[in-house]
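The structure under discussion appears below in the form of structure tokens.
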Amino acid sequence: MKQQIIISGVGGQGVLFVTRLLAEAAIIKGFSVFTSETHGMAQRGGTVLSHLKVGNFSSPLIRPANADGLLALKPGGLNQHGFYLKPDAWAAVNRREGVVQDSKSPVFAVDADGLAQHIHQPKSVNLILLGFTVGVVSKMVENRLFCSQEDIKAVLEKRLAGKNKMLGDAITALETGFKGFERLDLG
Amino acid sequence: MIKRRLMLGNEAIALGLMENGCTMATSYPGTPASEILASFAALQKEESMPRHVQWAVNEKIAFEIAYAGSMSGLRTAVSMKQVGLNVASDSLMSAAYLGVTGGFVVISADDPGPHSSQTEQDSRLMAMMAKIPVLDPDSPLQAKEMVATAFELSETFEIPVMLRPTTRVCHARQDIQPGNIQWHPREIDFQKDPARWAATPKFRFHLHQALEKKLDAIAGYPKTAPVRLNAGANASKAVIVSGVAAGHAKEIMKDLNLWDRIPMYQILQPFPLHKDFASHMIDTYDEILVVEETTGIIEMQLADRHRIKGKLTRSVPRVGELLPETIQNIISEFAGMDPVEIDGPSDPGVRPTLCAGCPHRAAFFAIKKAAPKGIYPSDIGCYTLGLNLGAVDTVLCMGAAVSQAAGFYHAFKHEKKPPDIVATIGDSTFFHAGVPALIDAVVQKVSFVLVILDNRTTAMTGNQPTPAVGMGAGGGLLDSVEIEALVKGCGVKFCRVEDPYNLNEFISLLKDAVKYSRENGPAVVISRHPCLIDRLRKEKPAHRPVKVEVSDECDGCGFCVNHFECPALVLDEEAEQVNIDPILCNGCGVCIGVCPKNSIKKKGNDHSESTK
């Protein structure tokens, strides 16, 4: 098992949190994991980028044209960080327009900002996109994601143990994203 | 069995310190090193061993505190970012001569890129200058293991040892199996020895001789010797790698099918380079490629210039981070393969900005109003982002805002109409290096206004407490030093405090300060409002969020977006209207006073609007 995933967004959106959830899910599945994060000044609203490598790797960074997938918390993330993707890689993007399908390199879009407002959790865009990604990639992409929605839930339950309100909200956001995928017209 | 845990490089280093009996850890925050001490403090809370952990006022002080612990026989460590080591360099150079008793590890985190620093300087070069050994980890796991090696090395040769991680080690996460936290109670014993600990120049000469002998022996120390990575490979060429570049290169050599062909060596201790290794390389290979960050330290210790390819031959870039894609092409070329075209980002991305509702933004807006044609020296912190607002003209290094303001004053003072000078410095930076400069400005009667941006925390690096907060690294209560008292103690006679959220009052106070400074010398305005994202802050905010709205009178002139740059103010160019982003808006209400057309209003205040 080897998967390399890029997660992009801007400071404050929770890119690091999504990266951590995926990395801890990898550990639960028994895989080795390596991530690289953006800290410091860029976290003040600037572009933030995480590299996630699941399996046996010795470098924390993904080379251009080597990533299997991309999670973009901002619509511009696909253009900006698309160069990391392999020719047949998938991308999941937070943007208003619906799904754009290309048989070789599928791009899945969800209005995570809108859904976050809808569930009255404006800061949960990251978890909504994560739920959506886990759903859509597992269903639509041949080389599935290394973890499932249940794995992410297990990580959340561990991380937010004793904080019932936060855990409940997080699960709601994750499921909202997951359902967002189910409602897509993938025809 | 203890389970594998996902660990940040800096956490792994902290765990390494704990597991190896480090009993004193000190630091001043700075990216990418900040989480080392924070993690050490968090780990210390989990056990009951008597260890000392503290944020110091600056890196020099942090160094000297930890060093005295080592002189007393304890295992101690000091951590900082690379430019912090500049501040502590005076102590470092001397401590190298005097040596240590308990193991003493100096952790200096470099930032090739640079991602979050003023320079790309290589701390290994500082180790070389100080004549102490330095270890160069490739990953969080190796960084943790190297802490153990560093303590052993330090105690074996009675010498400070540097651990030099880079951003990609500090801010990588890896699954790591924690070991047992060791507790070796050591007898605290400070052996008085003035010829050593208070050596005069004559004795320093002898200490210097002894230091050179130590270095010779360390260049043969087996535990830090270079490692041959691929025993099977055989060629007339070889690759030498170090630090995170080694991590990248291992993957690349495998992907390019070179792993079984070209011999590869990893350096653990770039200085002093093992002598037998250097001879072996020169005797064995015709061509040697050296890949390391950021300066060619290993390269310059390999004597035969004709065989070495690296920074000196410009085969490896001298500037910037060695990204894996760059290394791939360097190795490809070295192996006689075609390099691949590298795609980069097609879009520059979003530049960082002060948070919505950040009190610094209000202060900067007021400074531009009070001294519109002024010179604005500034400093290191979140408020460097005042650049975006045109309210920051200079950023040099910690504390320089104050002394540069003085320099500008002296440069312009003979002019007919010298410019007003308004300098900005954060509270933590003021404590760190601003105080001596302010004393100098008072003595020299420097006409300038110093705005101390007091948000009650060290914000940029993750909200570490300042001396004014009076809180320990682990959250315990300590004594505090008030900024007003300190400013007055420096001899400043004009010192006022105001909340920049009260924009009009703040502007008029600044105008008073500017006027005062022209005639009388330094004036200090303390801009006090707590950081909005300070997680340590216990007291409830005094400010009540103001709901703001933009009325139809807004014509989309863009003044607020250009001169106030709040991320919650979004200009819709087509509709010629500014909108408030409800997710981002923190309700500071300052923008109400910013709009020149009074189109930004308190929600519900305007009856003609609400009855529509």
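Here's how to read the names in the structure tokens: chain A, B, ... by the order shown, residue numbers from 1 in each chain, ligand numbers from 1 in the order shown.
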I'd like the contact shell of region 147-152 of chain A - 9 Å cut-off, only C-alpha atoms, skipping same-chain residues fewer than 4 positions apart - returned as a PDB file with C-alpha atoms, in the first residue's frame.
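Output saved as selection_3.pdb:
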```pdb
ATOM      1  CA  LEU A  21      -7.131  12.754  10.921  1.00  0.00           C
ATOM      2  CA  LEU A  22      -6.038  10.996   7.731  1.00  0.00           C
ATOM      3  CA  GLU A  24      -4.017   8.776  12.332  1.00  0.00           C
ATOM      4  CA  ALA A  25      -6.468   6.736  10.288  1.00  0.00           C
ATOM      5  CA  ALA A  26      -3.443   5.332   8.437  1.00  0.00           C
ATOM      6  CA  ILE A  28      -5.144   2.578  12.778  1.00  0.00           C
ATOM      7  CA  LYS A  29      -5.007   0.632   9.507  1.00  0.00           C
ATOM      8  CA  GLY A 131     -16.446  13.248   4.450  1.00  0.00           C
ATOM      9  CA  VAL A 134     -13.893   9.581   1.623  1.00  0.00           C
ATOM     10  CA  GLY A 135     -17.313   8.803   0.136  1.00  0.00           C
ATOM     11  CA  SER A 138     -14.087   4.998  -2.235  1.00  0.00           C
ATOM     12  CA  LEU A 156     -12.408  11.592  15.835  1.00  0.00           C
ATOM     13  CA  GLU A 157     -13.836   9.585  18.730  1.00  0.00           C
ATOM     14  CA  LEU A 174     -18.297  14.525   8.304  1.00  0.00           C
ATOM     15  CA  GLU A 175     -21.635  12.855   7.544  1.00  0.00           C
ATOM     16  CA  PHE A 178     -20.552  12.031   2.980  1.00  0.00           C
TER      17      PHE A 178
END
```
**Q.** chain A contacts on chain B, only C-alpha atoms, 7 Å, as a VMD selection string
**A.** chain B and resid 6 31 116 168 171 to 175 247 to 248 250 to 251 324 to 325 343 to 347 349 to 355 382 460 to 461 583
Near Phe506 (chain B), counting only C-alpha atoms, which residues have an atom at most 10 Å away, once you skip same-chain residues fewer than 2 positions from it, shown as a PDB file with C-alpha atoms, in the first residue's frame?
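Below is the file out-v3.pdb, written as the result:
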```pdb
ATOM      1  CA  ALA B 362      -6.514  48.951  13.713  1.00  0.00           C
ATOM      2  CA  ALA B 363      -3.210  50.213  15.130  1.00  0.00           C
ATOM      3  CA  ALA B 366      -4.282  54.735  12.988  1.00  0.00           C
ATOM      4  CA  ILE B 367      -0.507  55.140  12.484  1.00  0.00           C
ATOM      5  CA  ALA B 370      -1.463  60.148  12.537  1.00  0.00           C
ATOM      6  CA  VAL B 497      -1.946  52.982  26.868  1.00  0.00           C
ATOM      7  CA  GLU B 498      -4.965  52.732  24.580  1.00  0.00           C
ATOM      8  CA  ASP B 499      -7.085  50.014  22.963  1.00  0.00           C
ATOM      9  CA  PRO B 500      -6.777  50.388  19.171  1.00  0.00           C
ATOM     10  CA  TYR B 501     -10.387  49.201  18.820  1.00  0.00           C
ATOM     11  CA  ASN B 502     -11.245  52.729  20.045  1.00  0.00           C
ATOM     12  CA  LEU B 503     -10.038  53.958  16.691  1.00  0.00           C
ATOM     13  CA  ASN B 504     -10.705  57.709  17.041  1.00  0.00           C
ATOM     14  CA  SER B 508      -5.743  61.311  18.473  1.00  0.00           C
ATOM     15  CA  LEU B 509      -3.405  59.775  21.074  1.00  0.00           C
ATOM     16  CA  LEU B 510      -0.943  58.942  18.299  1.00  0.00           C
ATOM     17  CA  LYS B 511      -1.165  62.500  16.986  1.00  0.00           C
ATOM     18  CA  ASP B 512      -0.347  63.787  20.477  1.00  0.00           C
ATOM     19  CA  VAL B 525       2.112  54.303  22.900  1.00  0.00           C
ATOM     20  CA  SER B 527      -1.557  49.508  21.817  1.00  0.00           C
TER      21      SER B 527
END
```
Q: Can you pull out every residue within 7 Å of Arg456 (chain B), counting only C-alpha atoms, but drop anything in the same chain fewer than 2 positions away, and send it as a count of residues only?
A: 6
Q | Filtered DSSP result for region 10-168 of chain A, state helix (DSSP H, G or I), as a PyMOL selection string | A | chain A and resi 15-28+40-43+77-84+112-118+125-140+149-159+164-168
Fewer than 2 positions away in the same chain doesn't count, so skip those; otherwise give me all residues within 9 Å of Asn94 (chain A), counting only C-alpha atoms, as a PDB file with C-alpha atoms, in the first residue's frame.
```pdb
ATOM      1  CA  LEU A  71      -8.196  17.691  -1.356  1.00  0.00           C
ATOM      2  CA  ALA A  72      -8.678  21.400  -2.114  1.00  0.00           C
ATOM      3  CA  LEU A  73     -10.445  23.433   0.559  1.00  0.00           C
ATOM      4  CA  LYS A  74     -10.446  26.467  -1.768  1.00  0.00           C
ATOM      5  CA  PRO A  75     -11.643  26.398  -5.392  1.00  0.00           C
ATOM      6  CA  GLY A  77      -6.417  24.862  -4.946  1.00  0.00           C
ATOM      7  CA  ALA A  92     -11.948  16.670  -4.465  1.00  0.00           C
ATOM      8  CA  ARG A  96     -20.056  25.692  -5.961  1.00  0.00           C
ATOM      9  CA  PHE A 108     -15.283  15.878  -7.724  1.00  0.00           C
ATOM     10  CA  ALA A 109     -16.746  19.114  -6.427  1.00  0.00           C
ATOM     11  CA  VAL A 110     -18.911  19.866  -3.421  1.00  0.00           C
ATOM     12  CA  ASP A 111     -20.182  23.188  -2.046  1.00  0.00           C
ATOM     13  CA  ALA A 112     -18.696  22.651   1.397  1.00  0.00           C
ATOM     14  CA  ASP A 113     -19.018  26.363   2.265  1.00  0.00           C
ATOM     15  CA  VAL A 125     -15.728  23.129   5.788  1.00  0.00           C
ATOM     16  CA  LEU A 129     -14.851  18.078   2.330  1.00  0.00           C
TER      17      LEU A 129
END
```
Q) Smallest atom-to-atom distance to Thr76 (chain B): which of B:Asp193, B:Asp552, B:Asp420, B:Glu155, using only C-alpha atoms? A)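 Closest to Thr76 (chain B), using only C-alpha atoms: B:Glu155.
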Q: For each of B:His432, B:Arg164, B:Arg124, B:Lys131, take the minimum atom-to-atom distance to Ile107 (chain B), counting only C-alpha atoms, then give the residue where this is smallest.
A: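 So, comparing all the options, the nearest one is B:Arg164.
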Q | Sel. of strand (DSSP E or B) residues, chain A, as a ChimeraX atom specification | A | /A:3-10,33-36,47-54,67-72,85-94,100,107-110
Pull N, CA and C atoms from the residues just selected and write them as a CSV table (one decimal), in the first residue's frame.
```
chain,number,residue,atom,x,y,z
A,3,GLN,N,0.1,5.4,-0.9
A,3,GLN,CA,-0.7,6.5,-1.4
A,3,GLN,C,-0.1,7.8,-1.0
A,4,GLN,N,-0.2,8.8,-1.9
A,4,GLN,CA,0.3,10.1,-1.7
A,4,GLN,C,-0.8,11.1,-1.9
A,5,ILE,N,-1.1,11.9,-0.9
A,5,ILE,CA,-2.2,12.9,-1.1
A,5,ILE,C,-1.8,14.3,-0.6
A,6,ILE,N,-2.2,15.2,-1.4
A,6,ILE,CA,-2.0,16.6,-1.1
A,6,ILE,C,-3.3,17.2,-0.5
A,7,ILE,N,-3.2,18.0,0.5
A,7,ILE,CA,-4.3,18.7,1.1
A,7,ILE,C,-4.0,20.2,1.1
A,8,SER,N,-4.8,21.0,0.4
A,8,SER,CA,-4.5,22.4,0.3
A,8,SER,C,-5.6,23.3,0.7
A,9,GLY,N,-5.3,24.5,1.2
A,9,GLY,CA,-6.3,25.5,1.6
A,9,GLY,C,-5.6,26.7,2.1
A,10,VAL,N,-6.3,27.5,2.9
A,10,VAL,CA,-5.6,28.7,3.4
A,10,VAL,C,-5.7,28.6,5.0
A,33,VAL,N,3.2,6.2,8.1
A,33,VAL,CA,2.7,7.5,7.6
A,33,VAL,C,3.8,8.6,7.8
A,34,PHE,N,3.8,9.5,6.8
A,34,PHE,CA,4.7,10.6,6.8
A,34,PHE,C,3.9,11.8,6.3
A,35,THR,N,4.0,12.9,7.1
A,35,THR,CA,3.3,14.1,6.6
A,35,THR,C,4.2,15.3,6.7
A,36,SER,N,3.9,16.3,5.9
A,36,SER,CA,4.7,17.6,6.0
A,36,SER,C,3.6,18.7,6.1
A,47,THR,N,-1.7,30.7,1.9
A,47,THR,CA,-1.8,29.3,1.3
A,47,THR,C,-1.2,28.3,2.3
A,48,VAL,N,-1.9,27.2,2.6
A,48,VAL,CA,-1.4,26.2,3.5
A,48,VAL,C,-1.4,24.9,2.7
A,49,LEU,N,-0.4,24.1,2.8
A,49,LEU,CA,-0.3,22.9,2.0
A,49,LEU,C,0.2,21.8,2.9
A,50,SER,N,-0.5,20.6,2.8
A,50,SER,CA,0.0,19.4,3.6
A,50,SER,C,0.3,18.3,2.6
A,51,HIS,N,1.4,17.6,2.9
A,51,HIS,CA,1.7,16.4,2.1
A,51,HIS,C,1.4,15.2,3.0
A,52,LEU,N,0.7,14.2,2.5
A,52,LEU,CA,0.4,13.0,3.3
A,52,LEU,C,0.9,11.8,2.5
A,53,LYS,N,1.8,11.0,3.1
A,53,LYS,CA,2.3,9.8,2.4
A,53,LYS,C,2.0,8.6,3.3
A,54,VAL,N,1.2,7.7,2.7
A,54,VAL,CA,0.8,6.5,3.5
A,54,VAL,C,1.6,5.3,2.9
A,67,ALA,N,1.4,12.6,-6.9
A,67,ALA,CA,0.3,12.4,-5.9
A,67,ALA,C,-0.9,11.6,-6.5
A,68,ASP,N,-1.5,10.8,-5.7
A,68,ASP,CA,-2.7,10.0,-6.1
A,68,ASP,C,-3.9,10.8,-6.0
A,69,GLY,N,-3.9,11.8,-5.1
A,69,GLY,CA,-5.2,12.6,-4.9
A,69,GLY,C,-4.9,14.0,-4.3
A,70,LEU,N,-5.9,14.8,-4.4
A,70,LEU,CA,-5.8,16.2,-3.9
A,70,LEU,C,-7.1,16.6,-3.2
A,71,LEU,N,-7.0,17.1,-2.0
A,71,LEU,CA,-8.2,17.7,-1.4
A,71,LEU,C,-8.0,19.2,-1.4
A,72,ALA,N,-8.9,19.9,-2.0
A,72,ALA,CA,-8.7,21.4,-2.1
A,72,ALA,C,-9.8,22.1,-1.4
A,85,LEU,N,-0.3,16.3,-9.1
A,85,LEU,CA,-1.1,15.1,-9.4
A,85,LEU,C,-0.5,14.2,-10.5
A,86,LYS,N,-0.6,12.9,-10.3
A,86,LYS,CA,-0.3,12.0,-11.4
A,86,LYS,C,-1.4,12.2,-12.5
A,87,PRO,N,-1.1,11.7,-13.7
A,87,PRO,CA,-2.1,12.0,-14.8
A,87,PRO,C,-3.5,11.4,-14.5
A,88,ASP,N,-3.5,10.3,-13.8
A,88,ASP,CA,-4.9,9.6,-13.6
A,88,ASP,C,-5.4,9.8,-12.1
A,89,ALA,N,-4.8,10.9,-11.5
A,89,ALA,CA,-5.2,11.0,-10.0
A,89,ALA,C,-6.6,11.7,-9.9
A,90,TRP,N,-7.1,11.6,-8.7
A,90,TRP,CA,-8.4,12.2,-8.4
A,90,TRP,C,-8.2,13.5,-7.6
A,91,ALA,N,-9.2,14.4,-7.7
A,91,ALA,CA,-9.2,15.6,-6.9
A,91,ALA,C,-10.6,15.9,-6.3
A,92,ALA,N,-10.7,16.3,-5.1
A,92,ALA,CA,-11.9,16.7,-4.5
A,92,ALA,C,-11.8,18.1,-4.1
A,93,VAL,N,-12.8,19.0,-4.6
A,93,VAL,CA,-12.6,20.4,-4.5
A,93,VAL,C,-13.9,21.0,-3.8
A,94,ASN,N,-13.6,22.0,-2.9
A,94,ASN,CA,-14.7,22.7,-2.4
A,94,ASN,C,-15.0,23.9,-3.3
A,100,VAL,N,-17.5,17.6,-12.0
A,100,VAL,CA,-16.9,17.6,-13.3
A,100,VAL,C,-16.2,16.2,-13.5
A,107,VAL,N,-12.5,14.9,-11.2
A,107,VAL,CA,-12.5,16.0,-10.3
A,107,VAL,C,-13.9,16.0,-9.7
A,108,PHE,N,-14.0,15.9,-8.4
A,108,PHE,CA,-15.3,15.9,-7.7
A,108,PHE,C,-15.4,17.2,-7.0
A,109,ALA,N,-16.6,17.8,-7.1
A,109,ALA,CA,-16.7,19.1,-6.4
A,109,ALA,C,-17.9,19.1,-5.5
A,110,VAL,N,-17.8,19.8,-4.4
A,110,VAL,CA,-18.9,19.9,-3.4
A,110,VAL,C,-18.9,21.3,-2.9
```
**Q.** Residue contacts of Pro133 (chain B) (12 Å, only C-alpha atoms) excluding same-chain residues fewer than 4 positions away, as a PyMOL selection string
**A.** chain B and resi 96+104-107+123-129+149-151+153-154+157-164+211-212+214-221+224+268-274
**Q.** For Val446 (chain B): contacts at 9 Å, only C-alpha atoms, fewer than 4 positions along chain excluded, given as a list in words
**A.** Ala405, Ala406, Gly407, Tyr409, His410, Asp440, Ala441, Val442, Ser517, Arg518, Asn520, Gly521 and Pro522 of chain B
Write the residues of the preceding selection, restricted to N, CA and C atoms, as a short mmCIF file (atom, residue, chain, number, x, y, z; two decimals), in the first residue's frame.
```cif
data_model
loop_
_atom_site.label_atom_id
_atom_site.label_comp_id
_atom_site.auth_asym_id
_atom_site.auth_seq_id
_atom_site.Cartn_x
_atom_site.Cartn_y
_atom_site.Cartn_z
N ALA B 405 14.79 53.08 14.06
CA ALA B 405 14.08 54.36 14.21
C ALA B 405 15.08 55.43 14.65
N ALA B 406 15.93 55.06 15.60
CA ALA B 406 16.96 56.00 16.07
C ALA B 406 17.91 56.37 14.93
N GLY B 407 18.30 55.36 14.18
CA GLY B 407 19.21 55.60 13.05
C GLY B 407 18.59 56.54 12.03
N TYR B 409 16.32 58.75 12.62
CA TYR B 409 16.27 60.08 13.25
C TYR B 409 17.62 60.78 13.09
N HIS B 410 18.70 60.09 13.44
CA HIS B 410 20.02 60.71 13.37
C HIS B 410 20.40 61.06 11.92
N ASP B 440 18.85 53.50 24.78
CA ASP B 440 19.75 54.27 23.92
C ASP B 440 19.02 55.47 23.30
N ALA B 441 17.77 55.24 22.86
CA ALA B 441 16.99 56.31 22.22
C ALA B 441 16.65 57.43 23.21
N VAL B 442 16.42 57.04 24.47
CA VAL B 442 16.12 58.04 25.49
C VAL B 442 17.36 58.93 25.72
N SER B 517 6.88 63.99 20.42
CA SER B 517 8.20 63.44 20.07
C SER B 517 9.03 64.43 19.26
N ARG B 518 8.36 65.27 18.44
CA ARG B 518 9.12 66.23 17.62
C ARG B 518 9.95 67.16 18.50
N ASN B 520 10.44 66.64 22.10
CA ASN B 520 10.96 66.13 23.38
C ASN B 520 11.69 64.79 23.36
N GLY B 521 11.72 64.10 22.22
CA GLY B 521 12.34 62.78 22.23
C GLY B 521 11.30 61.67 22.26
N PRO B 522 11.70 60.47 22.65
CA PRO B 522 10.84 59.30 22.48
C PRO B 522 9.47 59.40 23.17
#
```
